[in-house]
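input-v3.cif follows (mmCIF, C-alpha atoms):
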data_coords
#
loop_
_atom_site.label_atom_id
_atom_site.label_comp_id
_atom_site.auth_asym_id
_atom_site.auth_seq_id
_atom_site.Cartn_x
_atom_site.Cartn_y
_atom_site.Cartn_z
CA MET S 1 112.57 86.55 126.61
CA PRO S 2 111.89 90.00 128.03
CA ARG S 3 111.02 90.50 131.66
CA PHE S 4 108.38 93.09 132.40
CA THR S 5 107.70 94.63 135.78
CA ARG S 6 104.07 94.77 136.89
CA ALA S 7 104.13 98.54 136.35
CA GLU S 8 105.51 98.13 132.82
CA LEU S 9 102.78 95.64 131.94
CA GLU S 10 100.07 97.79 133.51
CA SER S 11 101.17 100.69 131.32
CA PHE S 12 99.75 98.69 128.38
CA LEU S 13 96.23 98.58 129.84
CA ASP S 14 93.75 99.49 127.05
CA ALA S 15 96.46 99.34 124.34
CA GLU S 16 95.54 97.67 121.05
CA VAL S 17 97.33 95.05 118.94
CA PRO S 18 97.00 95.13 115.15
CA ASP S 19 95.24 92.24 113.44
CA LEU S 20 97.38 89.73 111.59
CA LEU S 21 95.59 89.46 108.24
CA GLY S 22 96.70 88.64 104.73
CA PRO S 23 95.08 88.61 101.31
CA ASP S 24 94.41 84.85 101.36
CA CYS S 25 93.21 84.33 104.93
CA ARG S 26 91.55 80.93 105.07
CA LEU S 27 91.48 80.38 108.84
CA LEU S 28 90.85 83.34 111.13
CA PHE S 29 91.56 82.72 114.81
CA VAL S 30 89.75 85.10 117.15
CA GLY S 31 91.02 85.70 120.67
CA ILE S 32 88.91 87.31 123.35
CA ASN S 33 91.11 90.38 123.81
CA PRO S 34 94.82 91.11 124.14
CA GLY S 35 96.50 90.45 127.45
CA LEU S 36 99.04 92.93 128.75
CA TRP S 37 102.04 90.85 127.57
CA THR S 38 100.46 90.64 124.12
CA ALA S 39 100.03 94.42 124.10
CA ALA S 40 103.60 94.97 125.32
CA THR S 41 105.05 92.81 122.52
CA GLN S 42 102.41 93.67 119.90
CA THR S 43 102.04 89.95 119.26
CA HIS S 44 98.85 87.88 119.61
CA PHE S 45 98.84 85.08 122.21
CA ALA S 46 102.34 86.15 123.34
CA HIS S 47 102.25 85.38 127.07
CA PRO S 48 104.86 82.70 127.87
CA GLY S 49 102.13 80.55 129.50
CA ASN S 50 99.87 80.66 126.46
CA ARG S 51 99.67 77.37 124.52
CA PHE S 52 98.40 78.74 121.18
CA TYR S 53 101.56 78.33 119.08
CA PRO S 54 102.64 75.02 120.68
CA ALA S 55 99.13 73.69 119.94
CA LEU S 56 99.33 74.88 116.31
CA LEU S 57 102.65 73.06 115.98
CA ARG S 58 101.35 69.88 117.62
CA ALA S 59 98.30 69.93 115.31
CA GLY S 60 100.45 70.36 112.20
CA ILE S 61 98.84 73.72 111.37
CA ILE S 62 102.36 75.16 111.41
CA ASP S 63 105.51 73.13 110.82
CA ARG S 64 108.04 75.16 112.77
CA GLN S 65 108.16 76.60 116.26
CA ILE S 66 107.13 80.18 116.87
CA ASP S 67 108.17 81.76 120.16
CA PRO S 68 106.22 85.01 120.42
CA ALA S 69 107.08 85.92 124.02
CA ALA S 70 109.62 88.54 122.95
CA GLY S 71 107.49 89.65 120.02
CA MET S 72 106.87 87.83 116.78
CA THR S 73 109.42 88.38 114.03
CA ASP S 74 108.45 89.72 110.61
CA ALA S 75 109.40 86.30 109.22
CA ASP S 76 106.97 84.62 111.66
CA ARG S 77 104.17 86.99 110.64
CA ALA S 78 104.87 86.40 106.95
CA TYR S 79 104.92 82.65 107.52
CA LEU S 80 101.49 82.65 109.19
CA VAL S 81 100.01 84.89 106.49
CA ALA S 82 101.46 82.64 103.77
CA ARG S 83 99.85 79.63 105.50
CA GLY S 84 96.47 81.40 105.25
CA ILE S 85 96.24 82.02 109.00
CA GLY S 86 94.90 85.27 110.43
CA ILE S 87 94.46 86.45 114.02
CA THR S 88 92.16 89.07 115.50
CA ASN S 89 90.27 89.68 118.75
CA LEU S 90 86.66 90.15 119.78
CA VAL S 91 87.63 93.18 121.87
CA ARG S 92 90.59 95.28 120.85
CA ARG S 93 91.65 96.77 124.22
CA ALA S 94 94.17 95.00 126.43
CA THR S 95 93.34 93.94 129.97
CA ALA S 96 95.13 91.87 132.60
CA ARG S 97 92.32 89.28 132.43
CA ALA S 98 89.48 88.67 129.98
CA ASP S 99 86.94 88.73 132.82
CA GLU S 100 87.59 92.48 133.13
CA LEU S 101 85.56 93.01 129.96
CA ILE S 102 81.91 94.00 130.18
CA THR S 103 79.12 92.43 128.14
CA ALA S 104 78.61 95.61 126.10
CA GLU S 105 82.23 95.41 124.91
CA LEU S 106 81.80 91.80 123.83
CA LEU S 107 78.55 92.60 122.00
CA ALA S 108 80.23 95.50 120.18
CA GLY S 109 83.17 93.20 119.45
CA GLY S 110 80.83 90.66 117.89
CA GLU S 111 79.50 93.34 115.54
CA GLN S 112 83.04 94.40 114.64
CA LEU S 113 84.00 90.77 114.01
CA LEU S 114 81.10 90.42 111.56
CA ALA S 115 82.48 93.39 109.63
CA THR S 116 86.03 92.01 109.69
CA VAL S 117 84.94 88.57 108.49
CA GLY S 118 82.83 90.17 105.76
CA ALA S 119 85.84 92.17 104.55
CA VAL S 120 88.48 89.43 104.85
CA ALA S 121 86.26 86.50 103.74
CA PRO S 122 88.06 83.58 105.43
CA ARG S 123 86.69 80.10 104.87
CA VAL S 124 86.63 79.40 108.59
CA VAL S 125 86.50 81.49 111.75
CA ALA S 126 87.64 79.88 115.02
CA ILE S 127 86.72 81.82 118.15
CA ALA S 128 88.88 80.82 121.13
CA GLY S 129 86.57 80.90 124.13
CA ILE S 130 83.03 79.54 124.52
CA THR S 131 81.93 81.99 127.23
CA ALA S 132 83.07 85.02 125.23
CA TYR S 133 81.34 83.65 122.12
CA ARG S 134 78.09 83.15 124.02
CA GLN S 135 78.23 86.70 125.38
CA ALA S 136 79.30 88.38 122.13
CA PHE S 137 76.62 86.71 120.01
CA GLY S 138 73.89 86.01 122.57
CA VAL S 139 73.96 82.26 121.97
CA ARG S 140 73.68 81.07 125.56
CA THR S 141 73.40 77.35 124.76
CA ALA S 142 76.31 77.19 122.28
CA ARG S 143 78.71 74.29 122.66
CA ALA S 144 82.31 74.03 121.54
CA GLY S 145 83.00 72.81 118.02
CA GLN S 146 81.44 73.69 114.69
CA GLN S 147 78.44 75.97 115.02
CA PRO S 148 75.23 75.38 113.02
CA GLU S 149 75.14 78.88 111.55
CA PRO S 150 77.93 80.55 109.55
CA LEU S 151 79.40 83.90 110.54
CA ALA S 152 79.27 86.44 107.68
CA GLY S 153 79.59 83.57 105.18
CA ALA S 154 82.42 81.72 106.97
CA ASP S 155 82.10 78.37 108.70
CA LEU S 156 82.18 79.09 112.43
CA TRP S 157 83.91 77.04 115.08
CA VAL S 158 84.29 77.70 118.79
CA VAL S 159 87.51 76.27 120.19
CA PRO S 160 89.06 76.29 123.67
CA ASN S 161 90.97 79.34 124.83
CA PRO S 162 94.73 78.57 124.91
CA SER S 163 95.45 80.73 127.97
CA GLY S 164 97.34 79.04 130.76
CA LEU S 165 94.40 80.05 132.97
CA ASN S 166 92.28 77.49 131.09
CA ALA S 167 93.84 74.73 133.16
CA HIS S 168 91.71 71.78 132.06
CA GLU S 169 93.04 72.04 128.49
CA THR S 170 96.41 70.64 127.43
CA ILE S 171 98.52 71.26 124.35
CA ASP S 172 97.24 67.92 123.00
CA SER S 173 93.56 68.75 123.56
CA LEU S 174 94.03 72.22 122.10
CA ALA S 175 95.84 70.76 119.08
CA GLU S 176 92.95 68.37 118.45
CA ALA S 177 90.41 71.20 118.76
CA TYR S 178 92.37 73.49 116.42
CA ALA S 179 93.07 70.83 113.78
CA ALA S 180 89.38 70.37 112.95
CA PRO S 181 88.70 73.96 111.80
CA ALA S 182 92.10 74.01 110.05
CA ARG S 183 91.09 70.97 107.99
CA ALA S 184 87.71 72.60 107.28
CA ALA S 185 89.58 75.69 106.04
CA GLY S 186 91.53 73.55 103.57
CA LEU S 187 94.90 73.89 105.28
CA ARG S 188 97.27 71.02 104.65
CA LEU S 189 98.39 69.79 108.04
CA ALA S 190 102.00 68.80 108.52
CA ALA S 191 102.96 65.71 110.46
CA LYS S 192 102.33 66.28 114.15
CA LYS S 193 105.37 67.46 116.03
CA ALA S 194 106.34 67.60 119.65
CA ALA S 195 105.79 71.06 121.08
CA SER S 196 107.55 72.36 124.12
CA GLY S 197 105.38 73.41 127.03
#
The structure given in the file should be rewritten as structure tokens.
Amino acid sequence: MPRFTRAELESFLDAEVPDLLGPDCRLLFVGINPGLWTAATQTHFAHPGNRFYPALLRAGIIDRQIDPAAGMTDADRAYLVARGIGITNLVRRATARADELITAELLAGGEQLLATVGAVAPRVVAIAGITAYRQAFGVRTARAGQQPEPLAGADLWVVPNPSGLNAHETIDSLAEAYAAPARAAGLRLAAKKAASG
């Protein structure tokens, strides 16, 4: 795993990370925005404290470990795309913390997400972060889980953010929350596996 100095990480402030999208995207996960480690490695949810990939493994959405902290391999990317999994963000620019974003950025990100979903046409969109969802789409009373209205034709779910800063969630609770939209997307879930972390 690489070690970055604070200055090295800060040099990635405002950098962007390309979407992970394939031709048969059935489940599109949407992060809030890239963190600095994610920008440095050009890999979504890459921070070593992030529980996204361990939760996917525990839920059976993937059936092998992915360790993105040093940067995802081409084989890992191809595996996720072949599984019908895509990843994007509400806001493209990297920050040290999501709370550095302003409401206008989240609103613009919501508009961009509508365009992305319209172009990619996944069955299900899962936005990781209830507060960001409320701000981006102006739905102040939204609750986690499946939303009553679709998003550009896709079933919409709001799931917990996997960041280590979201301390009241565990890998098990994240796995449970992520499995529901995966089933709705038609993904065959593997047997649940132990995930490190």
Given all atoms listed in the file as the basis, pick out the residue of S:Leu106, S:Leu21, S:Ala46, S:Leu57 nearest to S:Leu189.
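Ranking S:Leu106, S:Leu21, S:Ala46, S:Leu57 by distance to S:Leu189, first place goes to S:Leu57.
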Residues returned when the PyMOL selection byres ((chain S and resi 105) around 12) runs on this file, as a PyMOL selection string:
chain S and resi 32-33+89-93+98-104+106-113+132+135-137
Write out as a tab-separated table the residues of stretch 90-192 of chain S that have any atom within 10 Å of an atom of stretch 2-10 of chain S, one row each with the nearest atom pair and its distance in Å to one decimal, counting only C-alpha atoms, sorted by chain and then rising number.
residue	atom	partner	partner_atom	distance
S:Ala94	CA	S:Glu10	CA	9.6
S:Thr95	CA	S:Glu10	CA	8.5
S:Ala96	CA	S:Glu10	CA	7.8
Quick check on the file I pasted: which residues fall under the PyMOL selection byres ((chain S and resi 161) around 10)? Write them as an MDAnalysis selection string.
chainID S and resid 30:32 50:52 127:132 158:160 162:167 169 174
One decimal, Å: what's the distance from atom CA of S:Asp155 over to atom CA of S:Ile61, could you say?
17.6 Å
When the PyMOL selection byres ((chain S and resi 26) around 8) is applied to the file above, which residues end up in the set, as a list in words?
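That expression, the PyMOL selection byres ((chain S and resi 26) around 8), corresponds here to Asp24, Cys25, Leu27, Leu28, Gly84, Ile85, Gly86, Ala121, Pro122, Arg123, Val124, Ala185, Gly186 and Leu187 of chain S.
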Atom CA of S:Ala15 to atom CA of S:Leu156: how many Å, to one decimal?
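Between atom CA of S:Ala15 and atom CA of S:Leu156 the gap works out to 27.5 Å.
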In file coordinates, which residues lie within 12 Å of (95.8, 98.7, 122.2) using all atoms listed in the file, given as a PyMOL selection string?
chain S and resi 11-19+33-44+89+91-95
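Taking atom CA of S:Ile66 and atom CA of S:Thr170 as the two end points, the separation is 17.8 Å.
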Find the residues near S:Arg64: any atom within 10 Å, counting only C-alpha atoms, skip ones fewer than 3 places away on the same chain, and give them as a VMD selection string.
chain S and resid 53 to 54 56 to 58 60 to 61 67 76 79 190 193 195
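Distance check against S:Ala144 using only C-alpha atoms: of S:Gly118, S:Ala191, S:Ile171, S:Pro181, the minimum falls on S:Pro181.
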Which residue, S:Ala70, S:Val120, S:Ala177, S:Ala78, has the smallest gap to S:Gln146 when you use all atoms listed in the file?
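The shortest atom-to-atom distance to S:Gln146 comes from S:Ala177.
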Shortest interatomic distance to S:Val81 - which of S:Ala154, S:Ala59, S:Leu20, S:Ala119, counting only C-alpha atoms
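Among the listed residues, the smallest separation from S:Val81 belongs to S:Leu20.
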Complete the atoms of stretch 48-60 of chain S to N, CA, C and O atoms and put them out as a JSON list (two decimals), in the coordinates of the input.
[["chain", "number", "residue", "atom", "x", "y", "z"],
["S", 48, "PRO", "N", 104.08, 83.96, 127.83],
["S", 48, "PRO", "CA", 104.86, 82.70, 127.87],
["S", 48, "PRO", "C", 104.03, 81.49, 128.29],
["S", 48, "PRO", "O", 104.36, 80.36, 127.90],
["S", 49, "GLY", "N", 102.97, 81.67, 129.07],
["S", 49, "GLY", "CA", 102.13, 80.55, 129.50],
["S", 49, "GLY", "C", 101.04, 80.19, 128.52],
["S", 49, "GLY", "O", 100.30, 79.22, 128.73],
["S", 50, "ASN", "N", 100.92, 80.93, 127.43],
["S", 50, "ASN", "CA", 99.87, 80.66, 126.46],
["S", 50, "ASN", "C", 100.29, 79.49, 125.57],
["S", 50, "ASN", "O", 101.43, 79.42, 125.11],
["S", 51, "ARG", "N", 99.35, 78.58, 125.28],
["S", 51, "ARG", "CA", 99.67, 77.37, 124.52],
["S", 51, "ARG", "C", 99.25, 77.44, 123.05],
["S", 51, "ARG", "O", 99.22, 76.43, 122.37],
["S", 52, "PHE", "N", 98.91, 78.63, 122.55],
["S", 52, "PHE", "CA", 98.40, 78.74, 121.18],
["S", 52, "PHE", "C", 99.39, 78.21, 120.14],
["S", 52, "PHE", "O", 99.05, 77.31, 119.37],
["S", 53, "TYR", "N", 100.60, 78.75, 120.12],
["S", 53, "TYR", "CA", 101.56, 78.33, 119.08],
["S", 53, "TYR", "C", 102.06, 76.91, 119.28],
["S", 53, "TYR", "O", 102.17, 76.16, 118.28],
["S", 54, "PRO", "N", 102.32, 76.44, 120.52],
["S", 54, "PRO", "CA", 102.64, 75.02, 120.68],
["S", 54, "PRO", "C", 101.51, 74.10, 120.19],
["S", 54, "PRO", "O", 101.77, 73.05, 119.61],
["S", 55, "ALA", "N", 100.26, 74.51, 120.41],
["S", 55, "ALA", "CA", 99.13, 73.69, 119.94],
["S", 55, "ALA", "C", 99.04, 73.70, 118.42],
["S", 55, "ALA", "O", 98.75, 72.66, 117.80],
["S", 56, "LEU", "N", 99.31, 74.84, 117.78],
["S", 56, "LEU", "CA", 99.33, 74.88, 116.31],
["S", 56, "LEU", "C", 100.40, 73.94, 115.77],
["S", 56, "LEU", "O", 100.17, 73.23, 114.78],
["S", 57, "LEU", "N", 101.56, 73.94, 116.41],
["S", 57, "LEU", "CA", 102.65, 73.06, 115.98],
["S", 57, "LEU", "C", 102.26, 71.60, 116.17],
["S", 57, "LEU", "O", 102.42, 70.78, 115.27],
["S", 58, "ARG", "N", 101.73, 71.27, 117.33],
["S", 58, "ARG", "CA", 101.35, 69.88, 117.62],
["S", 58, "ARG", "C", 100.28, 69.40, 116.64],
["S", 58, "ARG", "O", 100.29, 68.26, 116.21],
["S", 59, "ALA", "N", 99.37, 70.30, 116.24],
["S", 59, "ALA", "CA", 98.30, 69.93, 115.31],
["S", 59, "ALA", "C", 98.78, 69.82, 113.88],
["S", 59, "ALA", "O", 98.07, 69.26, 113.03],
["S", 60, "GLY", "N", 99.96, 70.35, 113.58],
["S", 60, "GLY", "CA", 100.45, 70.36, 112.20],
["S", 60, "GLY", "C", 99.95, 71.55, 111.40],
["S", 60, "GLY", "O", 100.14, 71.61, 110.19]]
